[in-house]
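Heads up, the thing below is written out as structure tokens.
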Protein chains: 2
Amino acid sequence: MQNVKILLDESEIPRQWYNLAADLPTPMLPPLGPDGKPVSPDMLAPVFPMNLIEQEVSTKRWIDIPSEILDILYRWRPAPLRRAVYLEKYLKTPARIYYKDESVSPAGSHKPNTAVPQAWYNKQFGIKRLTTETGAGQWGSALAFACSLIGLECKVFMVRISFEQKPFRKLMMQVWGANCIASPSNLTNAGRTILASMPDTPGSLGIAISEAIEAAVTDSTGETRYSLGSVLNHVLLHQTIIGLEAKAQLKKAGEKLPDIIIGCAGGGSNFAGLAFPFAQDMINGAQMTIIPVEPTACPKMTRGQFVYDHGDVACMTPLLPMHSLGHTFIPKPIHAGGLRYHGMAPLVCQGIVEGLFKPRAVAQLKCYESAMIWAKTEGTICAPETSHAIAAVIDEANKCRESGEQKVILFNYSGHGLMDLAGYDAYLSGKLTDYVLPDDEVQKNLQALKGMPKAEARKSGRW
Amino acid sequence: MQNVKILLDESEIPRQWYNLAADLPTPMLPPLGPDGKPVSPDMLAPVFPMNLIEQEVSTKRWIDIPSEILDILYRWRPAPLRRAVYLEKYLKTPARIYYKDESVSPAGSHKPNTAVPQAWYNKQFGIKRLTTETGAGQWGSALAFACSLIGLECKVFMVRISFEQKPFRKLMMQVWGANCIASPSNLTNAGRTILASMPDTPGSLGIAISEAIEAAVTDSTGETRYSLGSVLNHVLLHQTIIGLEAKAQLKKAGEKLPDIIIGCAGGGSNFAGLAFPFAQDMINGAQMTIIPVEPTACPKMTRGQFVYDHGDVACMTPLLPMHSLGHTFIPKPIHAGGLRYHGMAPLVCQGIVEGLFKPRAVAQLKCYESAMIWAKTEGTICAPETSHAIAAVIDEANKCRESGEQKVILFNYSGHGLMDLAGYDAYLSGKLTDYVLPDDEVQKNLQALKGMPKAEARKSGRW
């Protein structure tokens, strides 16, 4: 039988998360408050519980995973590492392609890896309910799942256009007991203000974040906090279980470190989860090419600016040092809803500045072509976000065919596409279009960043 | 960590299928032709390839699984055996509940277990394309998946109402390259005849089967055959990999044989796949209760008649000895589309007659209540078909709580419900209704069976 699946058993599940902040050559820039001064942990306390704030600001290299969290993660973890031998054959490539299959979680993506710890730490801290936002619905359903198992109430502000177009994602949240609300809503000042001026707005992730934060901080009981599915340090930390497992699995498969690591990147968490434990090896001298992939419709890493910017439209979040297209930027409605975000996780951005990560942008049509090749060779239907990673994998594997190099390519199969088949429908019926953000649009959006504090680029120059 | 997941490694995957026909105390009744005489293998040759017909009529106990088929099954098999500790806690039951998780396949159900061998044997026999029918879409998508990997064309006649209401299942088939057609269609005589008299018919599984068989046998190239996703002996044979794995996994978990085995049953294949390898132990003297569960809206096992009947509306199939409500019976549109079939696999029916299997009917509302309990305890969203098994599991576990018995309950988690959330929507919004087929309806339908040959009940009287 072909060695297409590398499993770890219970005893091999990672017991600690890896914190890249401990090893970056130059220290992380701090988040800034409205006054331009660094935000202290206390200032975040109305939004997040203190145990998660401690993780957010920690520079400790390894952080223990509580056994109660492992008990829940163990329901679907360790996730399989699979070798894409059928894709390799189809491409006639000498490359060996491995992928971490995060689609096996109950919510169908990597998101529960952080939803579960976030719900658990909040519960430990005495919190009774969480608010969050969701775009395509992967994060909202993951948090609903986690809250259901851990015993928290969950309120999800779902971008209105997705709320209407994706009733099934909403239903997943409802089955898990969450309260899912179309955003903008009448429940918050942020929502009411926007509805007053734009009653027919389809909503956006930036608006939904503003509403979710407001709903948390204005709850007079003090028992509500906000939860974010990507971008922040503690979220990326929780996702490193992916890369730590992958490392052990590659070793089991008789491989050394991969030559190329690829993940799609919207807020950065699935990419970071796979890549960070390997980035540590790069920092320690290993040679690898690590590629976060974004859509050409939302090219913050390849064409945005490294700057201090807000994470939301209403400027309720602190200023984060990140590659951004501006917090007012509304990307075109490509099907990869999870990649339609103006900013990027500061830890990923710092890695880009350092030269550790080499971002790349791919257009929508090529992604769906790649997803179709994947479905017919590897037999599974990937999420539109994941198709961006697959497109880059196919490119790299094709380069290996031309050069004859037997590179090891590792990527994150971040989620299945069973809830996102509308994009395939558009592709199959010839209605899918590409979208490359025009230069003048980029410039116009970057203009809006002019008043923001400069995020000084601290490039180590090693890579 | 809690022992909630029992995995087998590559070396432990079953290498043979188990054939219950070899061990039933009384021999199987043969299928009959239109003349009332037993159908010979040759007569089936226009419909199925001879290598599958040989399996259909075989009484050999163990049949080798070709290594090429194992290579494909190994992509997701052995499937996990999981222990439902969270449900156990919720129910405060001393019972130990295990379930075989067949939702992990790329198509999301147990169906690929037979779709892959069927496609492979057809390909070996020189067949170029397969036709089939699908109701809810689980089978159609599984066969599309298998044909895509093995390299066959695939034409699926999908019951019109599902074709319109479930565009995502149709899209799965299209992504895997299948041609999915609403049935009744203009492509067949059977379809045209029905459309002429009932242009607005929503279609039915019985009609779609007629169309798919006609499309196969009338192809003048001789390179097309028909494929069925349940009912037939060879289909159930392929599914026994489920029960064989489960047996090895229970042993690993330190359990002896289960006390109770449960599966939902539409055509019978997921139930049989889990139950048959354990039925062999019963035949050899072990004590177990094995329960196939059907909906009260389509109660063929509990209220139908054991008789020779056709598998389709247009009477194109041979007469099969089975529990039936009559081949013209159209069940109410409950959400468990896979359980809306008038008949049942002859091997399962013979087991019922023998007393090996004790069928039970459950109403729709109770099934969804059970599915909601499941989602909030075990964390996954089950298919509407699977919820019937879960409802019976909860009943049995509650009995154990009352009696204090520490029974081992094993059931088949036959598929996830991510493509079938409309039923949850109806439940959550209070619109879901129960339906128990009234007595006069049963009697009226059984009347239609009066002219059929008697299927002599050969009860061994041992159970």
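In the structure tokens, chains take the letters A, B, ... in the order shown, each chain's residues start at 1, and ligands count up from 1 in the order shown.
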Determine, counting only C-alpha atoms, which protein, DNA and RNA residues have an atom within 10 Å of an atom of Val156 in chain A; residues of the same chain fewer than 2 positions away are not included. Present the result as a PyMOL selection string. chain A and resi 130-134+137+139-141+143-144+154+158-159+170+173+178-183+208-209+211-212+227
Take the selection from the previous step and output its residues with N, CA and C atoms, as an mmCIF file, in the first residue's frame.
```
data_model
loop_
_atom_site.group_PDB
_atom_site.id
_atom_site.type_symbol
_atom_site.label_atom_id
_atom_site.label_comp_id
_atom_site.auth_asym_id
_atom_site.auth_seq_id
_atom_site.Cartn_x
_atom_site.Cartn_y
_atom_site.Cartn_z
ATOM 1 N N LEU A 130 -19.268 34.779 24.745
ATOM 2 C CA LEU A 130 -18.309 35.356 23.801
ATOM 3 C C LEU A 130 -19.045 35.987 22.631
ATOM 4 N N THR A 131 -18.460 37.067 22.129
ATOM 5 C CA THR A 131 -18.950 37.643 20.877
ATOM 6 C C THR A 131 -17.832 37.514 19.848
ATOM 7 N N THR A 132 -18.224 37.423 18.613
ATOM 8 C CA THR A 132 -17.227 37.410 17.549
ATOM 9 C C THR A 132 -17.886 37.822 16.248
ATOM 10 N N GLU A 133 -17.062 37.939 15.219
ATOM 11 C CA GLU A 133 -17.588 38.223 13.891
ATOM 12 C C GLU A 133 -17.207 37.046 12.986
ATOM 13 N N THR A 134 -17.873 36.942 11.864
ATOM 14 C CA THR A 134 -17.456 35.948 10.879
ATOM 15 C C THR A 134 -17.811 36.452 9.492
ATOM 16 N N GLY A 137 -17.829 32.357 7.409
ATOM 17 C CA GLY A 137 -18.522 31.506 8.370
ATOM 18 C C GLY A 137 -17.678 30.423 9.004
ATOM 19 N N TRP A 139 -14.963 30.721 10.845
ATOM 20 C CA TRP A 139 -14.620 31.061 12.222
ATOM 21 C C TRP A 139 -15.837 31.044 13.124
ATOM 22 N N GLY A 140 -16.925 31.618 12.667
ATOM 23 C CA GLY A 140 -18.131 31.642 13.488
ATOM 24 C C GLY A 140 -18.592 30.243 13.851
ATOM 25 N N SER A 141 -18.550 29.332 12.898
ATOM 26 C CA SER A 141 -18.998 27.973 13.197
ATOM 27 C C SER A 141 -18.012 27.274 14.131
ATOM 28 N N LEU A 143 -16.171 28.737 16.487
ATOM 29 C CA LEU A 143 -16.356 29.244 17.854
ATOM 30 C C LEU A 143 -17.679 28.731 18.445
ATOM 31 N N ALA A 144 -18.708 28.638 17.607
ATOM 32 C CA ALA A 144 -19.983 28.078 18.077
ATOM 33 C C ALA A 144 -19.781 26.645 18.566
ATOM 34 N N CYS A 154 -22.677 32.113 22.872
ATOM 35 C CA CYS A 154 -21.877 32.595 21.747
ATOM 36 C C CYS A 154 -22.750 33.456 20.837
ATOM 37 N N MET A 158 -22.408 38.079 11.720
ATOM 38 C CA MET A 158 -22.007 37.529 10.416
ATOM 39 C C MET A 158 -22.255 38.580 9.330
ATOM 40 N N VAL A 159 -21.235 38.838 8.535
ATOM 41 C CA VAL A 159 -21.341 39.816 7.441
ATOM 42 C C VAL A 159 -22.635 39.543 6.653
ATOM 43 N N LYS A 170 -24.636 29.512 8.716
ATOM 44 C CA LYS A 170 -25.425 30.069 9.815
ATOM 45 C C LYS A 170 -26.108 28.933 10.577
ATOM 46 N N MET A 173 -23.893 27.111 12.980
ATOM 47 C CA MET A 173 -23.749 27.857 14.246
ATOM 48 C C MET A 173 -24.980 27.655 15.123
ATOM 49 N N ALA A 178 -25.368 28.684 18.896
ATOM 50 C CA ALA A 178 -24.952 30.092 18.859
ATOM 51 C C ALA A 178 -26.068 30.977 18.318
ATOM 52 N N ASN A 179 -25.989 32.243 18.680
ATOM 53 C CA ASN A 179 -26.906 33.257 18.185
ATOM 54 C C ASN A 179 -26.193 33.982 17.048
ATOM 55 N N CYS A 180 -26.670 33.776 15.833
ATOM 56 C CA CYS A 180 -25.994 34.338 14.659
ATOM 57 C C CYS A 180 -26.820 35.499 14.109
ATOM 58 N N ILE A 181 -26.171 36.674 14.009
ATOM 59 C CA ILE A 181 -26.873 37.918 13.663
ATOM 60 C C ILE A 181 -26.263 38.529 12.407
ATOM 61 N N ALA A 182 -27.119 38.991 11.507
ATOM 62 C CA ALA A 182 -26.609 39.661 10.312
ATOM 63 C C ALA A 182 -26.016 41.016 10.698
ATOM 64 N N SER A 183 -24.828 41.307 10.180
ATOM 65 C CA SER A 183 -24.146 42.576 10.491
ATOM 66 C C SER A 183 -24.015 43.416 9.230
ATOM 67 N N ALA A 208 -18.268 44.131 11.081
ATOM 68 C CA ALA A 208 -18.694 43.070 12.001
ATOM 69 C C ALA A 208 -17.779 43.010 13.220
ATOM 70 N N ILE A 209 -16.478 43.240 13.013
ATOM 71 C CA ILE A 209 -15.540 43.262 14.147
ATOM 72 C C ILE A 209 -15.919 44.400 15.099
ATOM 73 N N GLU A 211 -18.787 45.724 15.597
ATOM 74 C CA GLU A 211 -20.007 45.368 16.337
ATOM 75 C C GLU A 211 -19.726 44.355 17.441
ATOM 76 N N ALA A 212 -18.926 43.348 17.106
ATOM 77 C CA ALA A 212 -18.662 42.284 18.091
ATOM 78 C C ALA A 212 -17.894 42.832 19.290
ATOM 79 N N SER A 227 -13.844 37.516 20.955
ATOM 80 C CA SER A 227 -12.925 36.479 20.488
ATOM 81 C C SER A 227 -12.640 36.699 19.011
#
```
Within 7 Å of chain B, which residues of chain A show up when using only C-alpha atoms, listed as a VMD selection string? chain A and resid 1 to 2 4 71 75 106 145 148 to 149 168 171 175 to 176 372 375 to 377 379 to 380 421 425
Determine which residues of range 106-245 of chain B DSSP labels as alpha helix (DSSP H) from the backbone of this structure, then write them out as a VMD selection string. chain B and resid 112 to 124 138 to 150 160 to 165 167 to 175 189 to 197 205 to 217 233 to 239 241 to 245
Find the spatial neighbours of Gly285 in chain A, counting only C-alpha atoms, within a cut-off of 12 Å - ignore same-chain residues fewer than 2 positions away - and output them as a list in words. Leu257, Phe278, Ala279, Gln280, Asp281, Met282, Ile283, Gln287, Met288, Leu356, Arg462 and Trp463 of chain A
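Near range 52-56 of chain A, within a cut-off of 8 Å and counting only C-alpha atoms, sit the residues Pro41, Leu44, Ala45, Gln118, Tyr121, Asn122, Leu232, Asn233 and His234 of chain A, with same-chain residues fewer than 5 positions away left out.
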Writer output for current selection, all heavy atoms, as a short mmCIF file (atom, residue, chain, number, x, y, z; two decimals), in the first residue's frame:
```
data_model
loop_
_atom_site.label_atom_id
_atom_site.label_comp_id
_atom_site.auth_asym_id
_atom_site.auth_seq_id
_atom_site.Cartn_x
_atom_site.Cartn_y
_atom_site.Cartn_z
N PRO A 41 -1.33 45.66 28.83
CA PRO A 41 -2.26 44.53 28.98
C PRO A 41 -3.58 44.96 29.64
O PRO A 41 -4.65 44.54 29.20
CB PRO A 41 -1.48 43.57 29.87
CG PRO A 41 -0.05 43.83 29.52
CD PRO A 41 0.04 45.32 29.26
N LEU A 44 -6.42 46.09 27.53
CA LEU A 44 -7.13 45.08 26.72
C LEU A 44 -8.14 44.29 27.55
O LEU A 44 -8.92 43.50 27.02
CB LEU A 44 -6.13 44.12 26.08
CG LEU A 44 -5.16 44.73 25.05
CD1 LEU A 44 -4.09 43.72 24.68
CD2 LEU A 44 -5.93 45.19 23.81
N ALA A 45 -8.11 44.50 28.87
CA ALA A 45 -8.91 43.66 29.77
C ALA A 45 -10.42 43.69 29.52
O ALA A 45 -11.10 42.68 29.74
CB ALA A 45 -8.61 44.01 31.22
N GLN A 118 -9.50 29.31 23.18
CA GLN A 118 -10.06 30.61 23.54
C GLN A 118 -11.30 30.45 24.42
O GLN A 118 -11.47 31.14 25.42
CB GLN A 118 -10.39 31.43 22.28
CG GLN A 118 -9.14 31.96 21.58
CD GLN A 118 -9.48 33.05 20.56
OE1 GLN A 118 -10.19 33.99 20.88
NE2 GLN A 118 -8.96 32.91 19.35
N TYR A 121 -10.09 29.17 27.97
CA TYR A 121 -9.46 30.20 28.82
C TYR A 121 -10.49 31.21 29.31
O TYR A 121 -10.44 31.69 30.44
CB TYR A 121 -8.32 30.90 28.09
CG TYR A 121 -7.03 30.10 28.04
CD1 TYR A 121 -6.56 29.56 26.85
CD2 TYR A 121 -6.27 29.89 29.20
CE1 TYR A 121 -5.39 28.83 26.81
CE2 TYR A 121 -5.10 29.16 29.17
CZ TYR A 121 -4.65 28.62 27.97
OH TYR A 121 -3.50 27.90 27.94
N ASN A 122 -11.43 31.58 28.45
CA ASN A 122 -12.49 32.49 28.88
C ASN A 122 -13.32 31.87 30.00
O ASN A 122 -13.61 32.52 31.01
CB ASN A 122 -13.39 32.87 27.69
CG ASN A 122 -12.87 34.09 26.94
OD1 ASN A 122 -13.00 35.22 27.40
ND2 ASN A 122 -12.22 33.87 25.79
N LEU A 232 -4.18 37.91 15.78
CA LEU A 232 -3.49 38.17 17.04
C LEU A 232 -2.48 37.08 17.38
O LEU A 232 -2.58 35.94 16.93
CB LEU A 232 -4.52 38.32 18.17
CG LEU A 232 -5.50 39.49 17.97
CD1 LEU A 232 -6.50 39.55 19.11
CD2 LEU A 232 -4.75 40.81 17.85
N ASN A 233 -1.51 37.47 18.23
CA ASN A 233 -0.42 36.55 18.58
C ASN A 233 -0.92 35.26 19.22
O ASN A 233 -0.44 34.17 18.90
CB ASN A 233 0.55 37.23 19.55
CG ASN A 233 1.16 38.49 18.97
OD1 ASN A 233 1.10 38.71 17.76
ND2 ASN A 233 1.75 39.32 19.82
N HIS A 234 -1.88 35.38 20.15
CA HIS A 234 -2.32 34.16 20.86
C HIS A 234 -3.09 33.22 19.94
O HIS A 234 -3.09 32.01 20.14
CB HIS A 234 -3.11 34.50 22.14
CG HIS A 234 -4.45 35.11 21.92
ND1 HIS A 234 -4.64 36.45 21.68
CD2 HIS A 234 -5.70 34.58 21.91
CE1 HIS A 234 -5.94 36.72 21.56
NE2 HIS A 234 -6.59 35.59 21.69
#
```
Can you pull out the residues contacting Thr59 in chain B? Cut-off 12 Å, using only C-alpha atoms, and skip same-chain residues under 5 positions away; I want them as a PyMOL selection string. chain B and resi 18-24+27-28+54+233-234+237+347
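Distance check against Ser370 in chain A using only C-alpha atoms: of A:Ile352, A:Leu8, A:Ala253, A:Ala383, the minimum falls on A:Ala383.
Between CA of Gly461 in chain B and CA of Ile260 in chain B there is a distance of 20.0 Å.
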Can you tell me which residues surround range 327-342 of chain B at a distance of at most 6 Å, considering only C-alpha atoms, apart from same-chain residues fewer than 6 positions away, and format the answer as a PyMOL selection string? chain B and resi 136+266+298+310+313+384-385+423
I need the residues from that last selection saved to file as a JSON list (two decimals), in the first residue's frame (with all heavy atoms), if you can.
```json
[["chain", "number", "residue", "atom", "x", "y", "z"],
["B", 136, "ALA", "N", -31.02, 11.62, -2.22],
["B", 136, "ALA", "CA", -30.47, 12.74, -1.46],
["B", 136, "ALA", "C", -29.13, 13.19, -2.02],
["B", 136, "ALA", "O", -28.71, 14.32, -1.80],
["B", 136, "ALA", "CB", -30.33, 12.35, 0.01],
["B", 266, "GLY", "N", -31.89, 2.23, 4.90],
["B", 266, "GLY", "CA", -32.74, 2.67, 3.80],
["B", 266, "GLY", "C", -32.82, 1.55, 2.78],
["B", 266, "GLY", "O", -33.85, 0.92, 2.60],
["B", 298, "CYS", "N", -41.63, 5.41, 6.39],
["B", 298, "CYS", "CA", -41.32, 4.41, 5.36],
["B", 298, "CYS", "C", -40.97, 3.09, 6.05],
["B", 298, "CYS", "O", -39.86, 2.59, 5.96],
["B", 298, "CYS", "CB", -40.16, 4.91, 4.51],
["B", 298, "CYS", "SG", -39.88, 3.92, 3.02],
["B", 310, "HIS", "N", -40.29, -5.73, -7.13],
["B", 310, "HIS", "CA", -39.30, -5.03, -7.95],
["B", 310, "HIS", "C", -38.60, -3.94, -7.14],
["B", 310, "HIS", "O", -39.18, -3.38, -6.21],
["B", 310, "HIS", "CB", -39.97, -4.39, -9.17],
["B", 310, "HIS", "CG", -40.48, -5.39, -10.15],
["B", 310, "HIS", "ND1", -39.64, -6.10, -10.98],
["B", 310, "HIS", "CD2", -41.74, -5.79, -10.44],
["B", 310, "HIS", "CE1", -40.36, -6.90, -11.74],
["B", 310, "HIS", "NE2", -41.65, -6.75, -11.44],
["B", 313, "VAL", "N", -39.76, 1.47, -10.10],
["B", 313, "VAL", "CA", -41.13, 1.74, -10.51],
["B", 313, "VAL", "C", -41.49, 1.08, -11.84],
["B", 313, "VAL", "O", -42.56, 0.52, -12.01],
["B", 313, "VAL", "CB", -41.36, 3.27, -10.60],
["B", 313, "VAL", "CG1", -42.68, 3.58, -11.29],
["B", 313, "VAL", "CG2", -41.34, 3.89, -9.22],
["B", 384, "PRO", "N", -29.25, 13.34, 8.29],
["B", 384, "PRO", "CA", -30.59, 13.00, 8.78],
["B", 384, "PRO", "C", -30.82, 11.49, 8.86],
["B", 384, "PRO", "O", -31.53, 11.01, 9.75],
["B", 384, "PRO", "CB", -31.53, 13.66, 7.77],
["B", 384, "PRO", "CG", -30.69, 14.23, 6.68],
["B", 384, "PRO", "CD", -29.28, 14.24, 7.14],
["B", 385, "GLU", "N", -30.20, 10.74, 7.95],
["B", 385, "GLU", "CA", -30.32, 9.28, 8.02],
["B", 385, "GLU", "C", -29.70, 8.77, 9.33],
["B", 385, "GLU", "O", -30.30, 8.00, 10.07],
["B", 385, "GLU", "CB", -29.61, 8.62, 6.82],
["B", 385, "GLU", "CG", -30.29, 8.88, 5.47],
["B", 385, "GLU", "CD", -29.93, 10.24, 4.87],
["B", 385, "GLU", "OE1", -29.06, 10.94, 5.43],
["B", 385, "GLU", "OE2", -30.52, 10.61, 3.83],
["B", 423, "GLY", "N", -32.93, 20.34, 6.90],
["B", 423, "GLY", "CA", -33.73, 19.65, 7.91],
["B", 423, "GLY", "C", -33.54, 20.24, 9.30],
["B", 423, "GLY", "O", -34.49, 20.38, 10.07]]
```
Range 314-316 of chain A environment, 8 Å, only C-alpha atoms, sequence neighbours closer than 3 positions dropped, as an MDAnalysis selection string: chainID A and resid 190 206:207 210 213 310:311
DSSP on the backbone, strand (DSSP E) only: what residues of range 79-174 of chain A does that give? Format it as a PyMOL selection string. chain A and resi 81-83+96-101+129-134+153-159
Write out the residues from the selection above, keeping N, CA and C atoms, as a PDB file, in the first residue's frame.
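part_39.pdb, freshly written:
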```pdb
ATOM      1  N   LEU A  81      -1.158  13.838   8.320  1.00  0.00           N
ATOM      2  CA  LEU A  81      -0.310  14.385   7.259  1.00  0.00           C
ATOM      3  C   LEU A  81      -0.479  13.426   6.087  1.00  0.00           C
ATOM      4  N   ARG A  82      -0.796  13.965   4.923  1.00  0.00           N
ATOM      5  CA  ARG A  82      -1.015  13.094   3.772  1.00  0.00           C
ATOM      6  C   ARG A  82      -0.006  13.434   2.689  1.00  0.00           C
ATOM      7  N   ARG A  83       0.362  12.443   1.906  1.00  0.00           N
ATOM      8  CA  ARG A  83       1.208  12.729   0.750  1.00  0.00           C
ATOM      9  C   ARG A  83       0.336  12.707  -0.490  1.00  0.00           C
ATOM     10  N   ARG A  96       8.113  15.818  -3.776  1.00  0.00           N
ATOM     11  CA  ARG A  96       7.242  15.056  -2.878  1.00  0.00           C
ATOM     12  C   ARG A  96       6.373  16.081  -2.140  1.00  0.00           C
ATOM     13  N   ILE A  97       5.055  15.939  -2.355  1.00  0.00           N
ATOM     14  CA  ILE A  97       4.113  16.935  -1.829  1.00  0.00           C
ATOM     15  C   ILE A  97       3.370  16.360  -0.623  1.00  0.00           C
ATOM     16  N   TYR A  98       3.506  17.012   0.506  1.00  0.00           N
ATOM     17  CA  TYR A  98       2.785  16.609   1.726  1.00  0.00           C
ATOM     18  C   TYR A  98       1.815  17.704   2.121  1.00  0.00           C
ATOM     19  N   TYR A  99       0.698  17.288   2.714  1.00  0.00           N
ATOM     20  CA  TYR A  99      -0.209  18.320   3.226  1.00  0.00           C
ATOM     21  C   TYR A  99      -0.806  17.907   4.559  1.00  0.00           C
ATOM     22  N   LYS A 100      -0.944  18.914   5.393  1.00  0.00           N
ATOM     23  CA  LYS A 100      -1.548  18.710   6.690  1.00  0.00           C
ATOM     24  C   LYS A 100      -3.049  18.885   6.502  1.00  0.00           C
ATOM     25  N   ASP A 101      -3.831  17.859   6.849  1.00  0.00           N
ATOM     26  CA  ASP A 101      -5.265  17.881   6.558  1.00  0.00           C
ATOM     27  C   ASP A 101      -6.064  18.428   7.733  1.00  0.00           C
ATOM     28  N   ARG A 129     -20.045  34.495  28.254  1.00  0.00           N
ATOM     29  CA  ARG A 129     -20.406  34.504  26.839  1.00  0.00           C
ATOM     30  C   ARG A 129     -19.359  35.216  25.998  1.00  0.00           C
ATOM     31  N   LEU A 130     -19.268  34.779  24.745  1.00  0.00           N
ATOM     32  CA  LEU A 130     -18.309  35.356  23.801  1.00  0.00           C
ATOM     33  C   LEU A 130     -19.045  35.987  22.631  1.00  0.00           C
ATOM     34  N   THR A 131     -18.460  37.067  22.129  1.00  0.00           N
ATOM     35  CA  THR A 131     -18.950  37.643  20.877  1.00  0.00           C
ATOM     36  C   THR A 131     -17.832  37.514  19.848  1.00  0.00           C
ATOM     37  N   THR A 132     -18.224  37.423  18.613  1.00  0.00           N
ATOM     38  CA  THR A 132     -17.227  37.410  17.549  1.00  0.00           C
ATOM     39  C   THR A 132     -17.886  37.822  16.248  1.00  0.00           C
ATOM     40  N   GLU A 133     -17.062  37.939  15.219  1.00  0.00           N
ATOM     41  CA  GLU A 133     -17.588  38.223  13.891  1.00  0.00           C
ATOM     42  C   GLU A 133     -17.207  37.046  12.986  1.00  0.00           C
ATOM     43  N   THR A 134     -17.873  36.942  11.864  1.00  0.00           N
ATOM     44  CA  THR A 134     -17.456  35.948  10.879  1.00  0.00           C
ATOM     45  C   THR A 134     -17.811  36.452   9.492  1.00  0.00           C
ATOM     46  N   GLU A 153     -22.137  30.879  26.190  1.00  0.00           N
ATOM     47  CA  GLU A 153     -23.003  31.438  25.159  1.00  0.00           C
ATOM     48  C   GLU A 153     -22.130  32.040  24.070  1.00  0.00           C
ATOM     49  N   CYS A 154     -22.677  32.113  22.872  1.00  0.00           N
ATOM     50  CA  CYS A 154     -21.877  32.595  21.747  1.00  0.00           C
ATOM     51  C   CYS A 154     -22.750  33.456  20.837  1.00  0.00           C
ATOM     52  N   LYS A 155     -22.283  34.679  20.579  1.00  0.00           N
ATOM     53  CA  LYS A 155     -23.016  35.580  19.695  1.00  0.00           C
ATOM     54  C   LYS A 155     -22.115  35.928  18.514  1.00  0.00           C
ATOM     55  N   VAL A 156     -22.579  35.625  17.315  1.00  0.00           N
ATOM     56  CA  VAL A 156     -21.752  35.812  16.122  1.00  0.00           C
ATOM     57  C   VAL A 156     -22.360  36.869  15.210  1.00  0.00           C
ATOM     58  N   PHE A 157     -21.597  37.917  14.926  1.00  0.00           N
ATOM     59  CA  PHE A 157     -22.012  38.914  13.945  1.00  0.00           C
ATOM     60  C   PHE A 157     -21.487  38.468  12.580  1.00  0.00           C
ATOM     61  N   MET A 158     -22.408  38.079  11.720  1.00  0.00           N
ATOM     62  CA  MET A 158     -22.007  37.529  10.416  1.00  0.00           C
ATOM     63  C   MET A 158     -22.255  38.580   9.330  1.00  0.00           C
ATOM     64  N   VAL A 159     -21.235  38.838   8.535  1.00  0.00           N
ATOM     65  CA  VAL A 159     -21.341  39.816   7.441  1.00  0.00           C
ATOM     66  C   VAL A 159     -22.635  39.543   6.653  1.00  0.00           C
TER      67      VAL A 159
END
```
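Here CA of Gly203 in chain A stands at a distance of 5.3 Å from CA of Arg160 in chain A.
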Suppose you want the space between CA of Ser204 in chain B and CA of Asn189 in chain B; what is it in Å? 15.7 Å
